[in-house]
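Source file: input.pdb; contents: PDB, C-alpha atoms and all ligand atoms.
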ATOM      1  CA  MET A   1     -28.649-110.600  57.858
ATOM      2  CA  ASN A   2     -30.836-111.915  60.656
ATOM      3  CA  THR A   3     -31.558-109.023  62.984
ATOM      4  CA  ALA A   4     -34.192-110.789  65.097
ATOM      5  CA  GLY A   5     -34.011-110.171  68.796
ATOM      6  CA  ARG A   6     -31.515-107.304  68.587
ATOM      7  CA  ASN A   7     -32.414-103.870  69.831
ATOM      8  CA  LEU A   8     -31.706-101.955  66.661
ATOM      9  CA  PRO A   9     -32.151 -98.264  65.898
ATOM     10  CA  LYS A  10     -35.440 -97.524  64.174
ATOM     11  CA  VAL A  11     -35.475 -96.021  60.688
ATOM     12  CA  TYR A  12     -38.501 -94.684  58.862
ATOM     13  CA  ILE A  13     -38.442 -94.377  55.055
ATOM     14  CA  THR A  14     -41.104 -92.059  53.722
ATOM     15  CA  ARG A  15     -41.597 -93.716  50.315
ATOM     16  CA  ARG A  16     -40.869 -96.696  48.099
ATOM     17  CA  ILE A  17     -37.279 -95.960  47.017
ATOM     18  CA  PRO A  18     -35.004 -97.238  44.228
ATOM     19  CA  PRO A  19     -33.695-100.777  44.953
ATOM     20  CA  ASP A  20     -30.065 -99.842  45.608
ATOM     21  CA  GLY A  21     -31.127 -97.680  48.556
ATOM     22  CA  LEU A  22     -33.229-100.331  50.258
ATOM     23  CA  LYS A  23     -30.610-103.007  49.561
ATOM     24  CA  ALA A  24     -27.907-100.917  51.250
ATOM     25  CA  LEU A  25     -30.030-100.434  54.353
ATOM     26  CA  GLN A  26     -31.139-104.065  54.533
ATOM     27  CA  GLN A  27     -27.698-105.517  53.902
ATOM     28  CA  ALA A  28     -26.194-103.402  56.667
ATOM     29  CA  GLY A  29     -28.469-105.248  59.072
ATOM     30  CA  SER A  30     -27.908-102.535  61.627
ATOM     31  CA  CYS A  31     -31.351-100.946  61.777
ATOM     32  CA  GLU A  32     -35.016-101.812  61.996
ATOM     33  CA  ILE A  33     -36.746-100.433  58.913
ATOM     34  CA  GLN A  34     -40.297 -99.228  58.518
ATOM     35  CA  GLN A  35     -41.394 -97.792  55.195
ATOM     36  CA  TRP A  36     -44.321 -96.036  53.541
ATOM     37  CA  ASP A  37     -44.671 -98.625  50.784
ATOM     38  CA  SER A  38     -46.109 -96.468  48.012
ATOM     39  CA  ASP A  39     -44.955 -94.377  45.060
ATOM     40  CA  ASP A  40     -47.011 -91.496  46.455
ATOM     41  CA  PRO A  41     -45.971 -89.363  49.412
ATOM     42  CA  VAL A  42     -46.823 -90.463  52.907
ATOM     43  CA  PRO A  43     -49.812 -88.468  54.232
ATOM     44  CA  ARG A  44     -48.706 -85.900  56.771
ATOM     45  CA  SER A  45     -50.819 -87.443  59.577
ATOM     46  CA  GLU A  46     -49.236 -90.841  58.954
ATOM     47  CA  LEU A  47     -45.750 -89.317  58.883
ATOM     48  CA  LEU A  48     -46.359 -87.621  62.219
ATOM     49  CA  LYS A  49     -47.410 -90.954  63.730
ATOM     50  CA  LYS A  50     -44.662 -93.053  62.208
ATOM     51  CA  VAL A  51     -41.721 -90.848  63.162
ATOM     52  CA  SER A  52     -42.446 -91.162  66.881
ATOM     53  CA  GLY A  53     -39.443 -92.712  68.589
ATOM     54  CA  ILE A  54     -37.376 -93.273  65.431
ATOM     55  CA  HIS A  55     -33.604 -92.768  65.353
ATOM     56  CA  ALA A  56     -33.207 -91.906  61.679
ATOM     57  CA  LEU A  57     -35.492 -90.573  58.981
ATOM     58  CA  TYR A  58     -34.974 -91.269  55.272
ATOM     59  CA  CYS A  59     -37.029 -88.688  53.392
ATOM     60  CA  LEU A  60     -37.589 -87.181  49.967
ATOM     61  CA  LEU A  61     -37.958 -83.592  48.780
ATOM     62  CA  THR A  62     -41.746 -83.862  49.066
ATOM     63  CA  GLU A  63     -41.732 -84.097  52.872
ATOM     64  CA  LYS A  64     -41.513 -80.923  54.895
ATOM     65  CA  ILE A  65     -39.312 -81.794  57.832
ATOM     66  CA  ASP A  66     -40.144 -79.005  60.237
ATOM     67  CA  LYS A  67     -40.675 -78.389  63.946
ATOM     68  CA  GLU A  68     -43.911 -80.375  63.957
ATOM     69  CA  VAL A  69     -42.280 -83.499  62.500
ATOM     70  CA  LEU A  70     -39.213 -83.177  64.707
ATOM     71  CA  ASP A  71     -41.379 -82.737  67.810
ATOM     72  CA  ALA A  72     -43.392 -85.787  66.776
ATOM     73  CA  ALA A  73     -40.181 -87.782  66.354
ATOM     74  CA  GLY A  74     -38.871 -86.795  69.771
ATOM     75  CA  PRO A  75     -35.344 -86.790  71.184
ATOM     76  CA  SER A  76     -34.392 -90.206  69.781
ATOM     77  CA  LEU A  77     -34.030 -88.758  66.275
ATOM     78  CA  LYS A  78     -30.354 -88.350  65.417
ATOM     79  CA  VAL A  79     -30.222 -88.390  61.618
ATOM     80  CA  VAL A  80     -32.264 -87.033  58.719
ATOM     81  CA  SER A  81     -31.147 -88.270  55.332
ATOM     82  CA  THR A  82     -32.804 -86.777  52.290
ATOM     83  CA  MET A  83     -32.647 -88.437  48.888
ATOM     84  CA  SER A  84     -32.092 -85.102  47.171
ATOM     85  CA  VAL A  85     -29.457 -82.489  46.620
ATOM     86  CA  GLY A  86     -31.983 -79.754  47.445
ATOM     87  CA  TYR A  87     -32.739 -79.228  51.130
ATOM     88  CA  ASP A  88     -35.223 -76.378  51.115
ATOM     89  CA  HIS A  89     -37.819 -78.816  52.529
ATOM     90  CA  LEU A  90     -35.801 -79.177  55.737
ATOM     91  CA  SER A  91     -35.996 -76.682  58.616
ATOM     92  CA  LEU A  92     -32.265 -76.386  59.072
ATOM     93  CA  ASP A  93     -32.397 -74.221  62.201
ATOM     94  CA  GLU A  94     -34.647 -76.718  63.958
ATOM     95  CA  LEU A  95     -32.375 -79.584  62.966
ATOM     96  CA  LYS A  96     -29.272 -77.736  64.091
ATOM     97  CA  ASN A  97     -30.776 -76.747  67.443
ATOM     98  CA  ARG A  98     -31.551 -80.384  68.159
ATOM     99  CA  GLY A  99     -28.131 -81.630  67.070
ATOM    100  CA  ILE A 100     -29.661 -83.769  64.308
ATOM    101  CA  ARG A 101     -27.213 -84.601  61.523
ATOM    102  CA  VAL A 102     -28.347 -84.209  57.923
ATOM    103  CA  GLY A 103     -27.280 -86.161  54.857
ATOM    104  CA  PHE A 104     -28.053 -85.168  51.255
ATOM    105  CA  THR A 105     -27.110 -86.350  47.754
ATOM    106  CA  PRO A 106     -24.966 -83.877  45.811
ATOM    107  CA  ASP A 107     -22.660 -84.921  42.934
ATOM    108  CA  VAL A 108     -24.399 -88.161  41.952
ATOM    109  CA  LEU A 109     -27.125 -86.285  40.063
ATOM    110  CA  THR A 110     -25.017 -83.522  38.525
ATOM    111  CA  GLU A 111     -24.643 -85.127  35.095
ATOM    112  CA  ALA A 112     -28.297 -86.144  34.805
ATOM    113  CA  VAL A 113     -29.535 -82.686  35.770
ATOM    114  CA  ALA A 114     -27.091 -80.943  33.426
ATOM    115  CA  GLU A 115     -28.158 -83.240  30.588
ATOM    116  CA  LEU A 116     -31.866 -82.621  31.191
ATOM    117  CA  THR A 117     -31.285 -78.869  31.456
ATOM    118  CA  ILE A 118     -29.775 -78.917  27.987
ATOM    119  CA  ALA A 119     -32.555 -81.141  26.640
ATOM    120  CA  LEU A 120     -35.104 -78.688  28.029
ATOM    121  CA  LEU A 121     -33.193 -75.725  26.638
ATOM    122  CA  LEU A 122     -33.158 -77.246  23.153
ATOM    123  CA  ALA A 123     -36.788 -78.372  23.366
ATOM    124  CA  THR A 124     -37.766 -74.832  24.340
ATOM    125  CA  SER A 125     -35.519 -72.810  22.030
ATOM    126  CA  ARG A 126     -36.138 -75.031  19.001
ATOM    127  CA  ARG A 127     -39.848 -75.330  19.831
ATOM    128  CA  LEU A 128     -39.839 -79.122  19.756
ATOM    129  CA  ILE A 129     -43.048 -79.724  21.694
ATOM    130  CA  GLU A 130     -44.998 -77.225  19.581
ATOM    131  CA  ALA A 131     -43.538 -78.736  16.402
ATOM    132  CA  VAL A 132     -44.440 -82.309  17.383
ATOM    133  CA  GLU A 133     -47.998 -81.154  18.108
ATOM    134  CA  GLU A 134     -48.240 -79.411  14.729
ATOM    135  CA  ALA A 135     -46.949 -82.509  12.935
ATOM    136  CA  LYS A 136     -49.548 -84.651  14.711
ATOM    137  CA  ASN A 137     -52.552 -82.355  14.439
ATOM    138  CA  GLY A 138     -52.372 -81.365  10.762
ATOM    139  CA  GLY A 139     -50.663 -78.002  11.270
ATOM    140  CA  TRP A 140     -47.748 -79.212   9.099
ATOM    141  CA  GLY A 141     -48.836 -77.737   5.767
ATOM    142  CA  THR A 142     -45.722 -77.531   3.692
ATOM    143  CA  TRP A 143     -42.108 -76.527   4.304
ATOM    144  CA  LYS A 144     -42.181 -72.807   5.073
ATOM    145  CA  PRO A 145     -39.092 -70.621   5.472
ATOM    146  CA  LEU A 146     -40.235 -68.843   8.615
ATOM    147  CA  TRP A 147     -42.376 -71.484  10.252
ATOM    148  CA  MET A 148     -41.343 -72.959  13.636
ATOM    149  CA  CYS A 149     -38.174 -70.911  13.784
ATOM    150  CA  GLY A 150     -36.480 -70.730  17.143
ATOM    151  CA  SER A 151     -33.045 -69.593  18.163
ATOM    152  CA  GLY A 152     -29.720 -71.428  18.129
ATOM    153  CA  LEU A 153     -26.845 -71.671  20.578
ATOM    154  CA  THR A 154     -24.079 -70.901  18.073
ATOM    155  CA  GLU A 155     -22.484 -67.504  18.814
ATOM    156  CA  SER A 156     -24.926 -66.971  21.686
ATOM    157  CA  THR A 157     -24.424 -65.700  25.227
ATOM    158  CA  VAL A 158     -25.472 -68.094  27.975
ATOM    159  CA  GLY A 159     -26.115 -66.787  31.491
ATOM    160  CA  ILE A 160     -26.075 -69.017  34.572
ATOM    161  CA  ILE A 161     -27.711 -68.062  37.863
ATOM    162  CA  GLY A 162     -25.819 -70.088  40.472
ATOM    163  CA  LEU A 163     -22.460 -71.452  39.369
ATOM    164  CA  GLY A 164     -22.315 -74.642  41.423
ATOM    165  CA  ARG A 165     -21.638 -78.236  40.427
ATOM    166  CA  ILE A 166     -24.623 -78.331  38.068
ATOM    167  CA  GLY A 167     -23.882 -74.927  36.526
ATOM    168  CA  GLU A 168     -20.343 -76.062  35.806
ATOM    169  CA  ALA A 169     -21.531 -79.325  34.231
ATOM    170  CA  ILE A 170     -23.956 -77.388  32.021
ATOM    171  CA  VAL A 171     -21.229 -75.003  30.825
ATOM    172  CA  ASN A 172     -18.950 -77.915  29.949
ATOM    173  CA  ARG A 173     -21.692 -79.610  27.968
ATOM    174  CA  LEU A 174     -22.835 -76.457  26.166
ATOM    175  CA  ARG A 175     -19.393 -75.325  25.040
ATOM    176  CA  PRO A 176     -19.255 -77.665  22.012
ATOM    177  CA  PHE A 177     -22.472 -76.029  20.731
ATOM    178  CA  GLY A 178     -20.395 -72.978  19.803
ATOM    179  CA  VAL A 179     -21.593 -70.637  22.558
ATOM    180  CA  LYS A 180     -19.679 -67.360  22.286
ATOM    181  CA  LYS A 181     -19.773 -66.209  25.897
ATOM    182  CA  PHE A 182     -20.690 -67.685  29.286
ATOM    183  CA  LEU A 183     -21.679 -65.326  32.106
ATOM    184  CA  TYR A 184     -22.829 -66.043  35.627
ATOM    185  CA  ASN A 185     -24.176 -64.462  38.768
ATOM    186  CA  ASP A 186     -23.998 -65.942  42.264
ATOM    187  CA  ILE A 187     -24.101 -64.685  45.851
ATOM    188  CA  ALA A 188     -20.348 -64.100  45.461
ATOM    189  CA  PRO A 189     -17.908 -64.566  42.563
ATOM    190  CA  ARG A 190     -16.477 -68.080  42.346
ATOM    191  CA  GLU A 191     -13.172 -66.997  40.913
ATOM    192  CA  GLU A 192     -11.247 -70.261  40.746
ATOM    193  CA  LEU A 193     -14.038 -72.251  39.129
ATOM    194  CA  ALA A 194     -15.023 -69.381  36.822
ATOM    195  CA  ALA A 195     -11.431 -69.015  35.590
ATOM    196  CA  LYS A 196     -11.143 -72.780  35.065
ATOM    197  CA  ILE A 197     -14.208 -72.933  32.828
ATOM    198  CA  SER A 198     -13.963 -69.385  31.348
ATOM    199  CA  VAL A 199     -17.160 -67.928  32.718
ATOM    200  CA  ASP A 200     -17.389 -64.238  33.651
ATOM    201  CA  PHE A 201     -19.089 -62.868  36.755
ATOM    202  CA  VAL A 202     -21.583 -60.045  36.104
ATOM    203  CA  SER A 203     -24.379 -58.393  38.082
ATOM    204  CA  LEU A 204     -27.835 -59.934  37.838
ATOM    205  CA  GLU A 205     -28.964 -56.966  35.785
ATOM    206  CA  GLU A 206     -26.108 -57.403  33.304
ATOM    207  CA  LEU A 207     -26.797 -61.140  33.176
ATOM    208  CA  ALA A 208     -30.432 -60.461  32.265
ATOM    209  CA  LYS A 209     -29.486 -57.876  29.634
ATOM    210  CA  GLN A 210     -26.796 -59.883  27.870
ATOM    211  CA  SER A 211     -28.026 -63.482  27.990
ATOM    212  CA  ASP A 212     -29.693 -65.131  25.018
ATOM    213  CA  PHE A 213     -30.291 -68.122  27.268
ATOM    214  CA  LEU A 214     -30.713 -67.606  30.995
ATOM    215  CA  LEU A 215     -30.435 -70.785  33.078
ATOM    216  CA  VAL A 216     -31.381 -71.015  36.748
ATOM    217  CA  CYS A 217     -29.180 -73.510  38.606
ATOM    218  CA  CYS A 218     -29.062 -72.068  42.138
ATOM    219  CA  ALA A 219     -30.381 -73.519  45.382
ATOM    220  CA  LEU A 220     -33.626 -72.179  46.818
ATOM    221  CA  THR A 221     -32.760 -70.027  49.841
ATOM    222  CA  PRO A 222     -34.407 -66.970  51.408
ATOM    223  CA  GLU A 223     -32.081 -64.882  49.183
ATOM    224  CA  THR A 224     -33.012 -66.605  45.915
ATOM    225  CA  GLN A 225     -36.752 -66.987  46.579
ATOM    226  CA  GLY A 226     -38.663 -65.072  43.900
ATOM    227  CA  MET A 227     -35.479 -63.523  42.453
ATOM    228  CA  CYS A 228     -36.580 -64.209  38.868
ATOM    229  CA  ASN A 229     -39.344 -61.641  38.775
ATOM    230  CA  LYS A 230     -40.788 -58.761  36.776
ATOM    231  CA  GLY A 231     -37.639 -56.701  37.360
ATOM    232  CA  LEU A 232     -35.420 -59.408  35.896
ATOM    233  CA  PHE A 233     -37.690 -60.357  32.995
ATOM    234  CA  SER A 234     -38.097 -56.712  32.000
ATOM    235  CA  LYS A 235     -34.328 -56.438  31.467
ATOM    236  CA  MET A 236     -34.073 -59.561  29.322
ATOM    237  CA  LYS A 237     -33.995 -59.528  25.526
ATOM    238  CA  ARG A 238     -37.290 -60.190  23.775
ATOM    239  CA  SER A 239     -35.582 -63.083  21.996
ATOM    240  CA  SER A 240     -34.237 -64.676  25.181
ATOM    241  CA  VAL A 241     -35.008 -68.138  26.518
ATOM    242  CA  PHE A 242     -35.424 -68.751  30.244
ATOM    243  CA  ILE A 243     -34.786 -72.206  31.773
ATOM    244  CA  ASN A 244     -35.311 -73.327  35.366
ATOM    245  CA  THR A 245     -34.234 -76.736  36.673
ATOM    246  CA  SER A 246     -33.555 -75.686  40.281
ATOM    247  CA  ARG A 247     -36.668 -74.979  42.366
ATOM    248  CA  GLY A 248     -39.942 -73.400  41.284
ATOM    249  CA  ALA A 249     -39.968 -70.830  44.079
ATOM    250  CA  VAL A 250     -36.874 -69.085  42.682
ATOM    251  CA  VAL A 251     -39.275 -67.758  40.046
ATOM    252  CA  ASN A 252     -42.252 -65.469  40.484
ATOM    253  CA  GLN A 253     -44.577 -67.491  38.248
ATOM    254  CA  GLU A 254     -47.114 -64.741  37.774
ATOM    255  CA  ASP A 255     -44.400 -62.403  36.540
ATOM    256  CA  LEU A 256     -43.071 -65.145  34.281
ATOM    257  CA  TYR A 257     -46.534 -65.717  32.862
ATOM    258  CA  HIS A 258     -46.877 -62.025  31.959
ATOM    259  CA  ALA A 259     -43.364 -61.876  30.482
ATOM    260  CA  LEU A 260     -44.193 -64.859  28.233
ATOM    261  CA  ALA A 261     -47.722 -63.765  27.347
ATOM    262  CA  ASN A 262     -46.619 -60.203  26.505
ATOM    263  CA  GLY A 263     -43.586 -61.232  24.475
ATOM    264  CA  GLN A 264     -41.195 -59.691  26.999
ATOM    265  CA  ILE A 265     -39.132 -62.876  26.595
ATOM    266  CA  ALA A 266     -39.375 -65.489  23.853
ATOM    267  CA  SER A 267     -39.914 -68.689  25.808
ATOM    268  CA  ALA A 268     -39.388 -70.597  29.017
ATOM    269  CA  GLY A 269     -38.640 -74.191  29.949
ATOM    270  CA  LEU A 270     -39.455 -75.257  33.498
ATOM    271  CA  ASP A 271     -38.704 -78.558  35.201
ATOM    272  CA  VAL A 272     -39.857 -77.179  38.542
ATOM    273  CA  THR A 273     -42.905 -75.167  39.539
ATOM    274  CA  VAL A 274     -44.967 -74.027  42.500
ATOM    275  CA  PRO A 275     -46.885 -76.073  43.372
ATOM    276  CA  GLU A 276     -45.824 -79.485  42.161
ATOM    277  CA  PRO A 277     -47.676 -80.921  40.415
ATOM    278  CA  LEU A 278     -48.746 -77.709  38.689
ATOM    279  CA  PRO A 279     -52.565 -77.878  38.272
ATOM    280  CA  THR A 280     -53.414 -78.817  34.697
ATOM    281  CA  ASN A 281     -55.566 -75.677  34.363
ATOM    282  CA  HIS A 282     -52.670 -73.381  35.309
ATOM    283  CA  PRO A 283     -52.303 -70.443  32.861
ATOM    284  CA  LEU A 284     -48.662 -71.384  32.122
ATOM    285  CA  PHE A 285     -49.901 -74.597  30.489
ATOM    286  CA  LYS A 286     -51.942 -72.505  28.033
ATOM    287  CA  LEU A 287     -48.861 -70.789  26.600
ATOM    288  CA  LYS A 288     -47.246 -72.323  23.532
ATOM    289  CA  ASN A 289     -43.937 -70.718  24.448
ATOM    290  CA  CYS A 290     -43.723 -72.444  27.813
ATOM    291  CA  VAL A 291     -42.466 -76.022  28.107
ATOM    292  CA  ILE A 292     -43.216 -77.623  31.457
ATOM    293  CA  LEU A 293     -41.731 -80.898  32.680
ATOM    294  CA  PRO A 294     -42.764 -82.732  35.863
ATOM    295  CA  HIS A 295     -39.510 -82.337  37.887
ATOM    296  CA  ILE A 296     -37.566 -85.064  36.084
ATOM    297  CA  ALA A 297     -34.079 -83.535  35.872
ATOM    298  CA  SER A 298     -32.423 -86.337  37.867
ATOM    299  CA  ALA A 299     -34.687 -89.063  36.489
ATOM    300  CA  THR A 300     -32.338 -91.660  35.077
ATOM    301  CA  VAL A 301     -32.449 -95.142  36.568
ATOM    302  CA  GLU A 302     -28.730 -95.011  37.381
ATOM    303  CA  THR A 303     -28.950 -91.596  38.999
ATOM    304  CA  ARG A 304     -31.986 -92.353  41.126
ATOM    305  CA  ASN A 305     -30.329 -95.581  42.330
ATOM    306  CA  ALA A 306     -27.146 -93.677  43.125
ATOM    307  CA  MET A 307     -29.137 -91.046  45.042
ATOM    308  CA  ALA A 308     -31.013 -93.735  46.963
ATOM    309  CA  ALA A 309     -27.806 -95.600  47.861
ATOM    310  CA  LEU A 310     -25.993 -92.413  48.894
ATOM    311  CA  ALA A 311     -28.903 -91.405  51.119
ATOM    312  CA  ALA A 312     -28.792 -94.890  52.694
ATOM    313  CA  HIS A 313     -25.048 -94.698  53.342
ATOM    314  CA  ASN A 314     -25.400 -91.205  54.816
ATOM    315  CA  LEU A 315     -28.061 -92.513  57.169
ATOM    316  CA  LEU A 316     -26.091 -95.605  58.225
ATOM    317  CA  ALA A 317     -22.950 -93.570  58.868
ATOM    318  CA  GLY A 318     -24.935 -90.995  60.832
ATOM    319  CA  LEU A 319     -26.460 -93.699  63.016
ATOM    320  CA  LYS A 320     -23.010 -95.090  63.795
ATOM    321  CA  GLY A 321     -21.697 -91.622  64.610
ATOM    322  CA  GLU A 322     -19.266 -91.827  61.695
ATOM    323  CA  ALA A 323     -18.505 -89.289  58.955
ATOM    324  CA  MET A 324     -21.272 -89.328  56.359
ATOM    325  CA  PRO A 325     -20.270 -89.625  52.678
ATOM    326  CA  LYS A 326     -22.219 -86.364  52.076
ATOM    327  CA  GLU A 327     -23.208 -84.434  55.152
ATOM    328  CA  LEU A 328     -24.814 -81.030  55.066
ATOM    329  CA  LYS A 329     -22.890 -78.684  57.341
ATOM    330  CA  LEU A 330     -25.455 -76.954  59.542
TER     331      LEU A 330
HETATM  332  C1  LIG A 401     -32.983 -82.760  44.100
HETATM  333  O1  LIG A 401     -32.388 -83.805  44.394
HETATM  334  O2  LIG A 401     -33.079 -81.816  44.860
HETATM  335  C2  LIG A 401     -33.568 -82.684  42.741
HETATM  336  O3  LIG A 401     -34.459 -81.654  42.607
HETATM  337  C3  LIG A 401     -34.201 -84.004  42.359
HETATM  338  O4  LIG A 401     -34.157 -84.045  40.980
END
Write the structure described by the file as structure tokens, please.
Amino acid sequence: MNTAGRNLPKVYITRRIPPDGLKALQQAGSCEIQQWDSDDPVPRSELLKKVSGIHALYCLLTEKIDKEVLDAAGPSLKVVSTMSVGYDHLSLDELKNRGIRVGFTPDVLTEAVAELTIALLLATSRRLIEAVEEAKNGGWGTWKPLWMCGSGLTESTVGIIGLGRIGEAIVNRLRPFGVKKFLYNDIAPREELAAKISVDFVSLEELAKQSDFLLVCCALTPETQGMCNKGLFSKMKRSSVFINTSRGAVVNQEDLYHALANGQIASAGLDVTVPEPLPTNHPLFKLKNCVILPHIASATVETRNAMAALAAHNLLAGLKGEAMPKELKL
């Protein structure tokens, strides 16, 4: 659409985004788009310059949208749309105080994240990365009865921290593996959902004690920050497997390192860390019983396009003052 000569609201996009997102914004023809045209994050100084006078900001989870950015944007800013389900990078109080509406991208990534969580669980519990390395580097001597043994899901107890959309999708996908019992902990019991998918609410302590596989699926909030710590790991079984695909800061990484290094738990699979990227010389990378992925849980082409398009539609609706497809209630 030719938008020349019209006084259109200004939108800043903080990164190169999947094509469906850009297409949706361009085809709408209702905004003037500026973009940081790179696969790497926009430098903070550039972001602070570019947001000045914009009406809507399309951002990713790598940008901290705080008082400084909002001050730099000024009173014209009406909408922040993040291409993520997580919103711990947004200063919600600041946004609320200024009456800025916020869009996010739940639902469209649920399946991809659940799938990757299970892939990571199996890679960790069945020691796939270690085994591939051994096969490549000559460690594969002969077939040995006790070599490269991990633990299986059949007849196991799986514990979920945070029974939301993703937790539910994980339970549904794990059930056919023959899991005996599903348990969960959350800020409050989610009775209807838990009854529907046969998952029992227990205290965090009980969850740690009983789970053979403990999966972190909760949002990062002040309440969940650092909740997976020494106290939790010390209650887990020595054979248990810990998986985190939510946010790195839910875990105290130093405590996790000690739990893994001292055999307090058997292994861990992490898709998220603090910081990201985790420096290649980080002690967690030295442990054979720790599998670390570079935050790829939602990384399917379809999912990333769906996230990008949803974030675009949230932004466009917000600019028009209409209901967003997925608005975060502040
Ligand atoms: C999100 O959207 O918050 C996820 O972490 C991206 O995979």
Around ligand LIG 401 (chain A), at most 6 Å away and counting all atoms listed in the file, which residues are there? Put them as a PDB file with C-alpha atoms, in the coordinates of the input, please.
ATOM      1  CA  SER A  84     -32.092 -85.102  47.171  1.00  0.00           C
ATOM      2  CA  VAL A  85     -29.457 -82.489  46.620  1.00  0.00           C
ATOM      3  CA  GLY A  86     -31.983 -79.754  47.445  1.00  0.00           C
ATOM      4  CA  ALA A 297     -34.079 -83.535  35.872  1.00  0.00           C
ATOM      5  CA  SER A 298     -32.423 -86.337  37.867  1.00  0.00           C
TER       6      SER A 298
END
*asked:* Please determine, counting all atoms listed in the file, which residue among A:Leu256, A:Leu92, A:Ile17, A:Val42 has the shortest atom-to-atom distance to A:Lys329.
replied: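 Of the candidates, the smallest distance to A:Lys329 is held by A:Leu92.
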_Distance query A:Ile292 at most 7 Å, only C-alpha atoms, self and fewer than 3 positions along chain excluded, as a PyMOL selection string_ = chain A and resi 269-271
*For A:Pro294, which residue out of A:Leu116, A:Leu146, A:Leu121, A:Leu77 is the nearest one, using all atoms listed in the file?*
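Among A:Leu116, A:Leu146, A:Leu121, A:Leu77, it is A:Leu116 that comes nearest to A:Pro294.
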_Reference answer for the PyMOL selection byres (((chain A and resi 96) around 12) and not hetatm), as a VMD selection string_ = chain A and resid 66 to 67 70 78 to 80 90 to 95 97 to 102 328 to 330
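Interatomic distance, atom CA of A:Thr224 to atom CA of A:Ala311: 25.7 Å.
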*What gap, in Å, lies between atom CA of A:Gly318 and atom CA of A:Asp71?*
19.7 Å
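The residue that comes closest to A:His313, out of A:Phe104, A:Ser239, A:Ser52, A:Cys59 and on the basis of all atoms listed in the file, is A:Phe104.
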_Contact residues around A:Asp186 with only C-alpha atoms at 9 Å, ignoring same-chain residues under 3 positions, as an MDAnalysis selection string_ = chainID A and resid 160:164 189:190 201:204 218
*Where does the PyMOL selection byres (((chain A and resi 105-109) around 8) and not hetatm) land in this file, that is, which residues does it pick, as an MDAnalysis selection string?*
chainID A and resid 82:85 103:104 110:113 165 298 303:304 306:307 310:311 326
*Which residues come within 12 Å of A:Ala259, counting all atoms listed in the file, excluding same-chain residues fewer than 2 positions away, as a count of residues only?*
34
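Restricting the calculation to only C-alpha atoms, the smallest distance between A:Glu168 and any of A:Ala72, A:Ile197, A:Ala123, A:Leu8 is found for A:Ile197.
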*Which residue, A:Asn7, A:Ser211, A:Thr142, A:Ser151, has the smallest gap to A:Lys180 when you use all atoms listed in the file?*
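The closest residue to A:Lys180 is A:Ser211.
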*Check the smallest atom-to-atom distance from each of A:Leu57, A:Cys217, A:Leu153, A:Leu260 to A:Ser76 using all atoms listed in the file, then report the winner.*
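Looking at the shortest contact to A:Ser76, the residue is A:Leu57.
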*Could you tell me how far atom CA of A:Gly248 lies from atom CA of A:Ala208, in Å and to one decimal?*
18.4 Å
_Nearby residues (all atoms listed in the file) at most 8 Å from A:Val69, same-chain spacing under 6 positions excluded, as a ChimeraX atom specification_ = /A:47-48,51
